[in-house]
file run13.pdb (PDB, C-alpha atoms, pLDDT in the B column)
ATOM      1  CA  GLY K   1    -101.862 -62.197  41.122  1.00 49.00           C
ATOM      2  CA  ARG K   2     -98.119 -62.592  40.504  1.00 52.00           C
ATOM      3  CA  GLY K   3     -96.860 -61.667  43.939  1.00 61.00           C
ATOM      4  CA  GLY K   4     -96.245 -58.319  45.491  1.00 82.00           C
ATOM      5  CA  ASP K   5     -94.170 -55.955  47.593  1.00 87.00           C
ATOM      6  CA  ILE K   6     -94.665 -55.397  51.311  1.00 87.00           C
ATOM      7  CA  HIS K   7     -93.310 -52.493  53.346  1.00 89.00           C
ATOM      8  CA  TYR K   8     -93.599 -51.556  57.010  1.00 88.00           C
ATOM      9  CA  MET K   9     -92.159 -48.875  59.258  1.00 89.00           C
ATOM     10  CA  SER K  10     -92.589 -48.849  63.030  1.00 87.00           C
ATOM     11  CA  VAL K  11     -91.055 -47.461  66.219  1.00 87.00           C
ATOM     12  CA  CYS K  12     -90.436 -49.016  69.622  1.00 84.00           C
ATOM     13  CA  ASP K  13     -92.384 -48.224  72.797  1.00 83.00           C
ATOM     14  CA  ASN K  14     -89.915 -45.462  73.752  1.00 84.00           C
ATOM     15  CA  ASP K  15     -89.543 -43.944  70.268  1.00 86.00           C
ATOM     16  CA  LEU K  16     -85.818 -44.773  70.302  1.00 90.00           C
ATOM     17  CA  ILE K  17     -85.764 -47.531  67.697  1.00 91.00           C
ATOM     18  CA  THR K  18     -87.117 -47.163  64.165  1.00 92.00           C
ATOM     19  CA  ARG K  19     -87.438 -50.277  62.025  1.00 92.00           C
ATOM     20  CA  ILE K  20     -88.203 -50.471  58.323  1.00 93.00           C
ATOM     21  CA  ALA K  21     -88.913 -53.741  56.545  1.00 92.00           C
ATOM     22  CA  LEU K  22     -89.218 -54.248  52.806  1.00 93.00           C
ATOM     23  CA  ALA K  23     -90.175 -57.615  51.289  1.00 90.00           C
ATOM     24  CA  ASP K  24     -90.966 -59.059  47.874  1.00 89.00           C
ATOM     25  CA  VAL K  25     -93.185 -62.164  47.788  1.00 86.00           C
ATOM     26  CA  SER K  26     -93.001 -64.373  44.701  1.00 81.00           C
ATOM     27  CA  GLY K  27     -96.309 -66.169  45.309  1.00 67.00           C
ATOM     28  CA  HIS K  28     -99.855 -65.206  44.422  1.00 67.00           C
ATOM     29  CA  GLY K  29    -102.294 -62.853  46.132  1.00 71.00           C
ATOM     30  CA  GLU K  30    -103.130 -65.196  49.012  1.00 76.00           C
ATOM     31  CA  SER K  31     -99.432 -65.709  49.763  1.00 75.00           C
ATOM     32  CA  VAL K  32     -98.809 -61.971  49.806  1.00 79.00           C
ATOM     33  CA  THR K  33    -101.666 -61.358  52.226  1.00 82.00           C
ATOM     34  CA  LEU K  34    -100.612 -64.153  54.575  1.00 82.00           C
ATOM     35  CA  ILE K  35     -96.902 -63.293  54.596  1.00 82.00           C
ATOM     36  CA  SER K  36     -97.748 -59.628  55.039  1.00 81.00           C
ATOM     37  CA  SER K  37     -99.567 -60.497  58.267  1.00 85.00           C
ATOM     38  CA  TRP K  38     -96.581 -62.574  59.424  1.00 84.00           C
ATOM     39  CA  VAL K  39     -94.167 -59.704  58.737  1.00 83.00           C
ATOM     40  CA  TYR K  40     -96.350 -57.324  60.711  1.00 83.00           C
ATOM     41  CA  ALA K  41     -96.754 -59.722  63.652  1.00 86.00           C
ATOM     42  CA  SER K  42     -93.040 -60.493  63.846  1.00 85.00           C
ATOM     43  CA  LEU K  43     -92.018 -56.840  63.646  1.00 82.00           C
ATOM     44  CA  ARG K  44     -94.517 -55.918  66.333  1.00 82.00           C
ATOM     45  CA  ALA K  45     -93.443 -58.727  68.666  1.00 86.00           C
ATOM     46  CA  GLN K  46     -89.733 -57.890  68.373  1.00 85.00           C
ATOM     47  CA  MET K  47     -89.954 -54.119  68.026  1.00 84.00           C
ATOM     48  CA  ASN K  48     -88.038 -53.419  71.238  1.00 84.00           C
ATOM     49  CA  SER K  49     -85.078 -55.528  70.057  1.00 87.00           C
ATOM     50  CA  LEU K  50     -82.282 -54.339  67.782  1.00 90.00           C
ATOM     51  CA  ALA K  51     -81.919 -57.780  66.194  1.00 91.00           C
ATOM     52  CA  GLY K  52     -83.642 -57.465  62.830  1.00 90.00           C
ATOM     53  CA  ASN K  53     -82.019 -60.724  61.743  1.00 91.00           C
ATOM     54  CA  ASP K  54     -84.140 -62.549  64.350  1.00 91.00           C
ATOM     55  CA  VAL K  55     -87.220 -61.308  62.505  1.00 90.00           C
ATOM     56  CA  LEU K  56     -85.879 -62.835  59.278  1.00 92.00           C
ATOM     57  CA  THR K  57     -85.138 -66.135  61.024  1.00 92.00           C
ATOM     58  CA  GLU K  58     -88.679 -66.337  62.416  1.00 90.00           C
ATOM     59  CA  LEU K  59     -90.261 -65.420  59.092  1.00 90.00           C
ATOM     60  CA  ASN K  60     -88.126 -67.926  57.206  1.00 92.00           C
ATOM     61  CA  ALA K  61     -89.322 -70.793  59.416  1.00 90.00           C
ATOM     62  CA  ARG K  62     -92.954 -69.873  58.760  1.00 87.00           C
ATOM     63  CA  ILE K  63     -92.504 -69.392  55.019  1.00 88.00           C
ATOM     64  CA  CYS K  64     -90.714 -72.751  54.703  1.00 89.00           C
ATOM     65  CA  GLU K  65     -93.870 -74.396  56.090  1.00 85.00           C
ATOM     66  CA  TYR K  66     -95.965 -72.661  53.439  1.00 80.00           C
ATOM     67  CA  GLY K  67     -93.950 -73.957  50.478  1.00 75.00           C
ATOM     68  CA  PHE K  68     -91.732 -72.840  47.613  1.00 77.00           C
ATOM     69  CA  GLU K  69     -94.531 -70.860  45.957  1.00 75.00           C
ATOM     70  CA  ALA K  70     -94.158 -68.288  48.759  1.00 82.00           C
ATOM     71  CA  ILE K  71     -90.385 -67.697  48.489  1.00 88.00           C
ATOM     72  CA  THR K  72     -89.725 -64.191  49.742  1.00 90.00           C
ATOM     73  CA  THR K  73     -86.812 -61.770  49.748  1.00 92.00           C
ATOM     74  CA  ALA K  74     -86.602 -59.123  52.442  1.00 93.00           C
ATOM     75  CA  THR K  75     -84.378 -56.509  54.001  1.00 94.00           C
ATOM     76  CA  ILE K  76     -84.694 -54.972  57.458  1.00 94.00           C
ATOM     77  CA  LEU K  77     -83.078 -51.737  58.631  1.00 95.00           C
ATOM     78  CA  THR K  78     -83.139 -50.714  62.283  1.00 94.00           C
ATOM     79  CA  TYR K  79     -81.981 -47.297  63.479  1.00 94.00           C
ATOM     80  CA  ASP K  80     -81.094 -46.726  67.143  1.00 94.00           C
ATOM     81  CA  PHE K  81     -81.339 -43.047  68.073  1.00 91.00           C
ATOM     82  CA  GLY K  82     -79.281 -43.619  71.236  1.00 91.00           C
ATOM     83  CA  SER K  83     -76.170 -45.001  69.537  1.00 94.00           C
ATOM     84  CA  HIS K  84     -76.822 -43.490  66.076  1.00 94.00           C
ATOM     85  CA  CYS K  85     -76.270 -46.981  64.650  1.00 95.00           C
ATOM     86  CA  LEU K  86     -78.035 -48.413  61.638  1.00 95.00           C
ATOM     87  CA  TYR K  87     -78.418 -52.191  61.853  1.00 95.00           C
ATOM     88  CA  PHE K  88     -79.180 -54.065  58.648  1.00 94.00           C
ATOM     89  CA  SER K  89     -80.026 -57.619  57.609  1.00 93.00           C
ATOM     90  CA  SER K  90     -81.078 -59.099  54.296  1.00 93.00           C
ATOM     91  CA  ALA K  91     -82.555 -62.299  52.877  1.00 93.00           C
ATOM     92  CA  GLY K  92     -81.953 -62.505  49.140  1.00 92.00           C
ATOM     93  CA  HIS K  93     -82.974 -58.882  48.656  1.00 93.00           C
ATOM     94  CA  PRO K  94     -81.159 -56.181  46.653  1.00 93.00           C
ATOM     95  CA  ALA K  95     -78.685 -54.378  48.901  1.00 93.00           C
ATOM     96  CA  SER K  96     -79.884 -51.049  50.266  1.00 95.00           C
ATOM     97  CA  LEU K  97     -77.723 -47.998  49.564  1.00 96.00           C
ATOM     98  CA  VAL K  98     -76.359 -45.519  52.089  1.00 95.00           C
ATOM     99  CA  TRP K  99     -74.890 -42.044  51.661  1.00 94.00           C
ATOM    100  CA  ARG K 100     -72.491 -40.587  54.225  1.00 90.00           C
ATOM    101  CA  SER K 101     -70.788 -37.220  53.852  1.00 81.00           C
ATOM    102  CA  ALA K 102     -67.386 -38.867  54.230  1.00 75.00           C
ATOM    103  CA  GLY K 103     -67.705 -41.450  51.483  1.00 81.00           C
ATOM    104  CA  GLY K 104     -70.642 -40.929  49.139  1.00 87.00           C
ATOM    105  CA  TRP K 105     -73.111 -43.666  48.159  1.00 93.00           C
ATOM    106  CA  ARG K 106     -72.341 -47.337  48.735  1.00 92.00           C
ATOM    107  CA  ARG K 107     -74.090 -50.664  49.252  1.00 92.00           C
ATOM    108  CA  LEU K 108     -75.095 -51.945  52.675  1.00 91.00           C
ATOM    109  CA  GLU K 109     -73.670 -55.459  52.690  1.00 84.00           C
ATOM    110  CA  ASN K 110     -73.442 -57.984  55.517  1.00 77.00           C
ATOM    111  CA  LEU K 111     -70.199 -59.763  56.273  1.00 68.00           C
ATOM    112  CA  ALA K 112     -71.867 -62.996  55.106  1.00 63.00           C
ATOM    113  CA  VAL K 113     -69.830 -65.310  57.316  1.00 62.00           C
ATOM    114  CA  LYS K 114     -72.639 -67.873  57.202  1.00 64.00           C
ATOM    115  CA  ARG K 115     -73.393 -69.520  53.864  1.00 67.00           C
ATOM    116  CA  THR K 116     -77.110 -68.847  54.319  1.00 68.00           C
ATOM    117  CA  SER K 117     -76.698 -65.244  55.483  1.00 74.00           C
ATOM    118  CA  ASN K 118     -78.373 -63.728  52.419  1.00 84.00           C
ATOM    119  CA  MET K 119     -80.566 -66.650  51.326  1.00 91.00           C
ATOM    120  CA  SER K 120     -84.123 -65.922  50.255  1.00 93.00           C
ATOM    121  CA  MET K 121     -86.708 -67.002  52.816  1.00 92.00           C
ATOM    122  CA  GLY K 122     -88.618 -70.206  52.169  1.00 91.00           C
ATOM    123  CA  ILE K 123     -85.725 -72.265  50.816  1.00 91.00           C
ATOM    124  CA  GLN K 124     -83.939 -73.696  53.871  1.00 92.00           C
ATOM    125  CA  ARG K 125     -85.610 -73.866  57.276  1.00 91.00           C
ATOM    126  CA  THR K 126     -82.296 -73.812  59.174  1.00 90.00           C
ATOM    127  CA  ALA K 127     -80.965 -70.726  57.391  1.00 91.00           C
ATOM    128  CA  VAL K 128     -79.007 -68.365  59.655  1.00 88.00           C
ATOM    129  CA  TYR K 129     -79.261 -64.637  58.952  1.00 91.00           C
ATOM    130  CA  GLU K 130     -76.647 -62.142  60.052  1.00 91.00           C
ATOM    131  CA  GLN K 131     -76.761 -58.486  60.991  1.00 92.00           C
ATOM    132  CA  SER K 132     -74.209 -55.744  60.465  1.00 93.00           C
ATOM    133  CA  GLU K 133     -74.132 -52.172  61.703  1.00 93.00           C
ATOM    134  CA  LEU K 134     -72.992 -48.742  60.607  1.00 93.00           C
ATOM    135  CA  THR K 135     -72.774 -45.473  62.539  1.00 93.00           C
ATOM    136  CA  LEU K 136     -74.634 -42.610  60.891  1.00 93.00           C
ATOM    137  CA  LYS K 137     -74.748 -38.859  61.447  1.00 92.00           C
ATOM    138  CA  PRO K 138     -77.469 -36.261  60.865  1.00 92.00           C
ATOM    139  CA  GLY K 139     -77.733 -35.627  57.149  1.00 92.00           C
ATOM    140  CA  ASP K 140     -76.762 -39.163  56.143  1.00 94.00           C
ATOM    141  CA  ARG K 141     -79.232 -40.882  53.823  1.00 94.00           C
ATOM    142  CA  PHE K 142     -80.243 -44.364  52.786  1.00 94.00           C
ATOM    143  CA  LEU K 143     -82.347 -45.897  50.039  1.00 96.00           C
ATOM    144  CA  MET K 144     -84.275 -49.188  50.062  1.00 96.00           C
ATOM    145  CA  PHE K 145     -85.968 -50.735  47.020  1.00 96.00           C
ATOM    146  CA  THR K 146     -87.238 -53.959  45.488  1.00 93.00           C
ATOM    147  CA  ASP K 147     -85.707 -55.662  42.456  1.00 93.00           C
ATOM    148  CA  GLY K 148     -88.410 -54.326  40.159  1.00 92.00           C
ATOM    149  CA  LEU K 149     -86.430 -51.074  40.069  1.00 95.00           C
ATOM    150  CA  LEU K 150     -83.130 -52.624  38.982  1.00 95.00           C
ATOM    151  CA  ASP K 151     -84.733 -55.140  36.592  1.00 94.00           C
ATOM    152  CA  ALA K 152     -86.932 -52.658  34.687  1.00 94.00           C
ATOM    153  CA  GLU K 153     -85.861 -52.825  31.032  1.00 94.00           C
ATOM    154  CA  SER K 154     -85.435 -50.298  28.255  1.00 94.00           C
ATOM    155  CA  PRO K 155     -87.001 -50.923  24.814  1.00 94.00           C
ATOM    156  CA  SER K 156     -83.710 -52.659  23.918  1.00 95.00           C
ATOM    157  CA  ALA K 157     -84.012 -54.977  26.981  1.00 94.00           C
ATOM    158  CA  GLU K 158     -81.283 -53.252  29.031  1.00 96.00           C
ATOM    159  CA  PRO K 159     -81.982 -53.363  32.791  1.00 96.00           C
ATOM    160  CA  PHE K 160     -82.045 -50.089  34.711  1.00 96.00           C
ATOM    161  CA  GLY K 161     -79.369 -51.577  36.979  1.00 96.00           C
ATOM    162  CA  GLU K 162     -77.536 -50.517  40.111  1.00 95.00           C
ATOM    163  CA  SER K 163     -74.799 -48.561  38.319  1.00 95.00           C
ATOM    164  CA  ARG K 164     -77.345 -46.267  36.675  1.00 96.00           C
ATOM    165  CA  LEU K 165     -79.103 -45.815  40.014  1.00 97.00           C
ATOM    166  CA  LEU K 166     -75.875 -44.917  41.826  1.00 95.00           C
ATOM    167  CA  HIS K 167     -74.926 -42.423  39.135  1.00 94.00           C
ATOM    168  CA  LEU K 168     -78.337 -40.785  39.417  1.00 96.00           C
ATOM    169  CA  LEU K 169     -78.115 -40.587  43.209  1.00 95.00           C
ATOM    170  CA  THR K 170     -74.789 -38.757  43.058  1.00 93.00           C
ATOM    171  CA  THR K 171     -76.511 -36.000  41.106  1.00 93.00           C
ATOM    172  CA  LEU K 172     -79.126 -35.670  43.854  1.00 91.00           C
ATOM    173  CA  ASN K 173     -76.791 -35.118  46.811  1.00 84.00           C
ATOM    174  CA  GLU K 174     -77.546 -31.387  46.926  1.00 84.00           C
ATOM    175  CA  THR K 175     -81.304 -31.876  46.686  1.00 90.00           C
ATOM    176  CA  THR K 176     -83.757 -32.612  49.478  1.00 91.00           C
ATOM    177  CA  ILE K 177     -84.435 -36.245  50.353  1.00 92.00           C
ATOM    178  CA  SER K 178     -88.097 -35.774  49.406  1.00 89.00           C
ATOM    179  CA  SER K 179     -87.062 -35.369  45.759  1.00 93.00           C
ATOM    180  CA  HIS K 180     -85.181 -38.667  45.517  1.00 94.00           C
ATOM    181  CA  ASN K 181     -88.111 -40.971  44.769  1.00 93.00           C
ATOM    182  CA  ARG K 182     -89.599 -38.520  42.273  1.00 94.00           C
ATOM    183  CA  GLU K 183     -86.313 -38.200  40.358  1.00 96.00           C
ATOM    184  CA  ILE K 184     -85.700 -41.952  40.407  1.00 96.00           C
ATOM    185  CA  LEU K 185     -89.155 -42.653  38.985  1.00 95.00           C
ATOM    186  CA  LYS K 186     -88.645 -39.932  36.364  1.00 95.00           C
ATOM    187  CA  ALA K 187     -85.342 -41.509  35.273  1.00 96.00           C
ATOM    188  CA  LEU K 188     -86.955 -44.953  35.279  1.00 96.00           C
ATOM    189  CA  SER K 189     -89.772 -43.781  33.016  1.00 95.00           C
ATOM    190  CA  GLN K 190     -87.231 -42.288  30.598  1.00 96.00           C
ATOM    191  CA  HIS K 191     -85.264 -45.548  30.643  1.00 96.00           C
ATOM    192  CA  THR K 192     -88.291 -47.722  29.892  1.00 95.00           C
ATOM    193  CA  GLY K 193     -89.759 -45.314  27.381  1.00 94.00           C
ATOM    194  CA  GLY K 194     -92.845 -45.022  29.539  1.00 89.00           C
ATOM    195  CA  ALA K 195     -93.783 -48.658  28.917  1.00 88.00           C
ATOM    196  CA  PRO K 196     -95.830 -50.547  31.546  1.00 86.00           C
ATOM    197  CA  LEU K 197     -93.644 -52.220  34.171  1.00 85.00           C
ATOM    198  CA  ASP K 198     -93.508 -56.005  34.508  1.00 80.00           C
ATOM    199  CA  ASP K 199     -93.012 -56.010  38.280  1.00 84.00           C
ATOM    200  CA  ASP K 200     -93.965 -54.070  41.381  1.00 87.00           C
ATOM    201  CA  ILE K 201     -91.543 -51.346  42.431  1.00 91.00           C
ATOM    202  CA  THR K 202     -91.172 -50.040  45.966  1.00 93.00           C
ATOM    203  CA  ILE K 203     -88.674 -47.289  46.813  1.00 95.00           C
ATOM    204  CA  LEU K 204     -88.071 -45.752  50.222  1.00 95.00           C
ATOM    205  CA  ALA K 205     -85.612 -42.883  50.790  1.00 94.00           C
ATOM    206  CA  ALA K 206     -84.833 -41.550  54.272  1.00 93.00           C
ATOM    207  CA  GLU K 207     -82.506 -39.084  55.954  1.00 93.00           C
ATOM    208  CA  VAL K 208     -81.117 -39.115  59.495  1.00 92.00           C
ATOM    209  CA  ARG K 209     -82.152 -36.069  61.510  1.00 86.00           C
TER     210      ARG K 209
END
call {"tool": "encode", "arguments": {"input": "run13.pdb", "output": "structure tokens"}}
result
Amino acid sequence: GRGGDIHYMSVCDNDLITRIALADVSGHGESVTLISSWVYASLRAQMNSLAGNDVLTELNARICEYGFEAITTATILTYDFGSHCLYFSSAGHPASLVWRSAGGWRRLENLAVKRTSNMSMGIQRTAVYEQSELTLKPGDRFLMFTDGLLDAESPSAEPFGESRLLHLLTTLNETTISSHNREILKALSQHTGGAPLDDDITILAAEVR
């Protein structure tokens, strides 16, 4: 009843483009259901395009019509198997993380030339979202998540935070990608003392093959 996370993964007609979308809706159950259907429809309609930022622009216009109670953050990653490029766009969402053998883990951040480039959806109808790209190689990894992960607090009210997450990820570089989510959730439970979480948490880890 307090909102919810949405996640989708799909491929284009020729299996050359993979797109993953992760969103966090601040509204109530009805808002989550409605916006979830909009995310799905927009992703499906534009699946053969590399422009994930166009999906955010379309969704923002629809959410603005719904009202402030449906403010949504989202991030969209698109991988092109032909060029080995990862395209990424964000709307007020925590930055995804990427690991490349040459440089370790870092944030995926847009250039943010436009003032509205990373604005949450549902605030300004004319918001312009940007897209950046990064070339990846087999073995490179990336991690997407919602803010419930970073905001989860310890018994002393200390957030889990991005620094703690990055430190943990560096210890997992020699492990399989399938272990990442399990180890993150284990560390999160230790951090919170096993207490019930106040927000939804969605984590998605992937590796380029």
call {"tool": "residues_around", "arguments": {"input": "run13.pdb", "residues": "stretch 129-145 of chain K", "least_positions_apart": "4", "cutoff": "7 Å", "atoms": "all atoms listed in the file", "output": "JSON, numbers by chain"}}
result
{"K": [53, 56, 57, 84, 85, 86, 87, 88, 89, 96, 97, 98, 99, 100, 101, 110, 112, 116, 117, 118, 149, 202, 203, 204, 205, 206, 207, 208, 209]}
call {"tool": "resolve_selection", "arguments": {"input": "run13.pdb", "expression": "the PyMOL selection byres ((chain K and resi 191) around 9)", "output": "list in words"}}
result
Ala152, Glu153, Ser154, Pro155, Glu158, Pro159, Phe160, Lys186, Ala187, Leu188, Ser189, Gln190, Thr192, Gly193 and Gly194 of chain K
call {"tool": "atom_distance", "arguments": {"input": "run13.pdb", "atom1": "atom CA of K:Ser49", "atom2": "atom CA of K:Met119"}}
result
22.2 Å
call {"tool": "closest_residue", "arguments": {"input": "run13.pdb", "among": "K:Leu22, K:Ala61, K:Ile6, K:Met121", "to": "K:Ser36", "atoms": "all atoms listed in the file"}}
result
K:Ile6
call {"tool": "closest_residue", "arguments": {"input": "run13.pdb", "among": "K:Leu150, K:Val32, K:Ile177, K:Ala91", "to": "K:Asp54", "atoms": "all atoms listed in the file"}}
result
K:Ala91
call {"tool": "residues_around", "arguments": {"input": "run13.pdb", "residues": "K:Tyr40", "least_positions_apart": "3", "cutoff": "10 Å", "atoms": "only C-alpha atoms", "output": "PDB file with C-alpha atoms, keeping the file's coordinate frame"}}
result
ATOM      1  CA  ILE K   6     -94.665 -55.397  51.311  1.00 87.00           C
ATOM      2  CA  HIS K   7     -93.310 -52.493  53.346  1.00 89.00           C
ATOM      3  CA  TYR K   8     -93.599 -51.556  57.010  1.00 88.00           C
ATOM      4  CA  MET K   9     -92.159 -48.875  59.258  1.00 89.00           C
ATOM      5  CA  SER K  10     -92.589 -48.849  63.030  1.00 87.00           C
ATOM      6  CA  ALA K  21     -88.913 -53.741  56.545  1.00 92.00           C
ATOM      7  CA  ILE K  35     -96.902 -63.293  54.596  1.00 82.00           C
ATOM      8  CA  SER K  36     -97.748 -59.628  55.039  1.00 81.00           C
ATOM      9  CA  SER K  37     -99.567 -60.497  58.267  1.00 85.00           C
ATOM     10  CA  LEU K  43     -92.018 -56.840  63.646  1.00 82.00           C
ATOM     11  CA  ARG K  44     -94.517 -55.918  66.333  1.00 82.00           C
ATOM     12  CA  ALA K  45     -93.443 -58.727  68.666  1.00 86.00           C
TER      13      ALA K  45
END
call {"tool": "atom_distance", "arguments": {"input": "run13.pdb", "atom1": "atom CA of K:Cys64", "atom2": "atom CA of K:Ser31"}}
result
12.2 Å
call {"tool": "residues_around", "arguments": {"input": "run13.pdb", "residues": "K:Ile184", "least_positions_apart": "4", "cutoff": "8 Å", "atoms": "all atoms listed in the file", "output": "PDB file with C-alpha atoms, in the coordinates of the input"}}
result
ATOM      1  CA  LEU K 165     -79.103 -45.815  40.014  1.00 97.00           C
ATOM      2  CA  LEU K 168     -78.337 -40.785  39.417  1.00 96.00           C
ATOM      3  CA  HIS K 180     -85.181 -38.667  45.517  1.00 94.00           C
ATOM      4  CA  LEU K 188     -86.955 -44.953  35.279  1.00 96.00           C
TER       5      LEU K 188
END
call {"tool": "closest_residue", "arguments": {"input": "run13.pdb", "among": "K:Val11, K:Ala195, K:Ala23, K:Leu50", "to": "K:His93", "atoms": "all atoms listed in the file"}}
result
K:Ala23
call {"tool": "residues_near_point", "arguments": {"input": "run13.pdb", "point": "(-86.7, -51.8, 68.7)", "cutoff": "8 Å", "atoms": "all atoms listed in the file", "output": "ChimeraX atom specification"}}
result
/K:11-13,16-19,46-50,78,80
call {"tool": "write_last_selection", "arguments": {"input": "run13.pdb", "atoms": "C-alpha atoms", "output": "PDB file, keeping the file's coordinate frame"}}
result
ATOM      1  CA  VAL K  11     -91.055 -47.461  66.219  1.00 87.00           C
ATOM      2  CA  CYS K  12     -90.436 -49.016  69.622  1.00 84.00           C
ATOM      3  CA  ASP K  13     -92.384 -48.224  72.797  1.00 83.00           C
ATOM      4  CA  LEU K  16     -85.818 -44.773  70.302  1.00 90.00           C
ATOM      5  CA  ILE K  17     -85.764 -47.531  67.697  1.00 91.00           C
ATOM      6  CA  THR K  18     -87.117 -47.163  64.165  1.00 92.00           C
ATOM      7  CA  ARG K  19     -87.438 -50.277  62.025  1.00 92.00           C
ATOM      8  CA  GLN K  46     -89.733 -57.890  68.373  1.00 85.00           C
ATOM      9  CA  MET K  47     -89.954 -54.119  68.026  1.00 84.00           C
ATOM     10  CA  ASN K  48     -88.038 -53.419  71.238  1.00 84.00           C
ATOM     11  CA  SER K  49     -85.078 -55.528  70.057  1.00 87.00           C
ATOM     12  CA  LEU K  50     -82.282 -54.339  67.782  1.00 90.00           C
ATOM     13  CA  THR K  78     -83.139 -50.714  62.283  1.00 94.00           C
ATOM     14  CA  ASP K  80     -81.094 -46.726  67.143  1.00 94.00           C
TER      15      ASP K  80
END
call {"tool": "axis_aligned_box", "arguments": {"input": "run13.pdb", "around": "stretch 47-51 of chain K", "padding_each_side": "3 Å", "output": "JSON"}}
result
{"center_x": -85.9, "center_y": -55.6, "center_z": 68.7, "size_x": 14.0, "size_y": 10.4, "size_z": 11.0}
call {"tool": "atom_distance", "arguments": {"input": "run13.pdb", "atom1": "atom CA of K:Asp198", "atom2": "atom CA of K:Trp105"}}
result
27.5 Å
call {"tool": "residues_near_point", "arguments": {"input": "run13.pdb", "point": "(-88.2, -71.3, 56.7)", "cutoff": "7 Å", "atoms": "all atoms listed in the file", "output": "PyMOL selection string"}}
result
chain K and resi 59-65+121-126
call {"tool": "closest_residue", "arguments": {"input": "run13.pdb", "among": "K:Leu185, K:Ala70, K:Ala157, K:Ile76", "to": "K:Gly4", "atoms": "only C-alpha atoms"}}
result
K:Ala70
call {"tool": "closest_residue", "arguments": {"input": "run13.pdb", "among": "K:Glu58, K:Ala102, K:Val39, K:Ile20", "to": "K:Tyr79", "atoms": "only C-alpha atoms"}}
result
K:Ile20
call {"tool": "closest_residue", "arguments": {"input": "run13.pdb", "among": "K:Leu197, K:Val128, K:Ala51, K:Glu69", "to": "K:Gly29", "atoms": "only C-alpha atoms"}}
result
K:Glu69
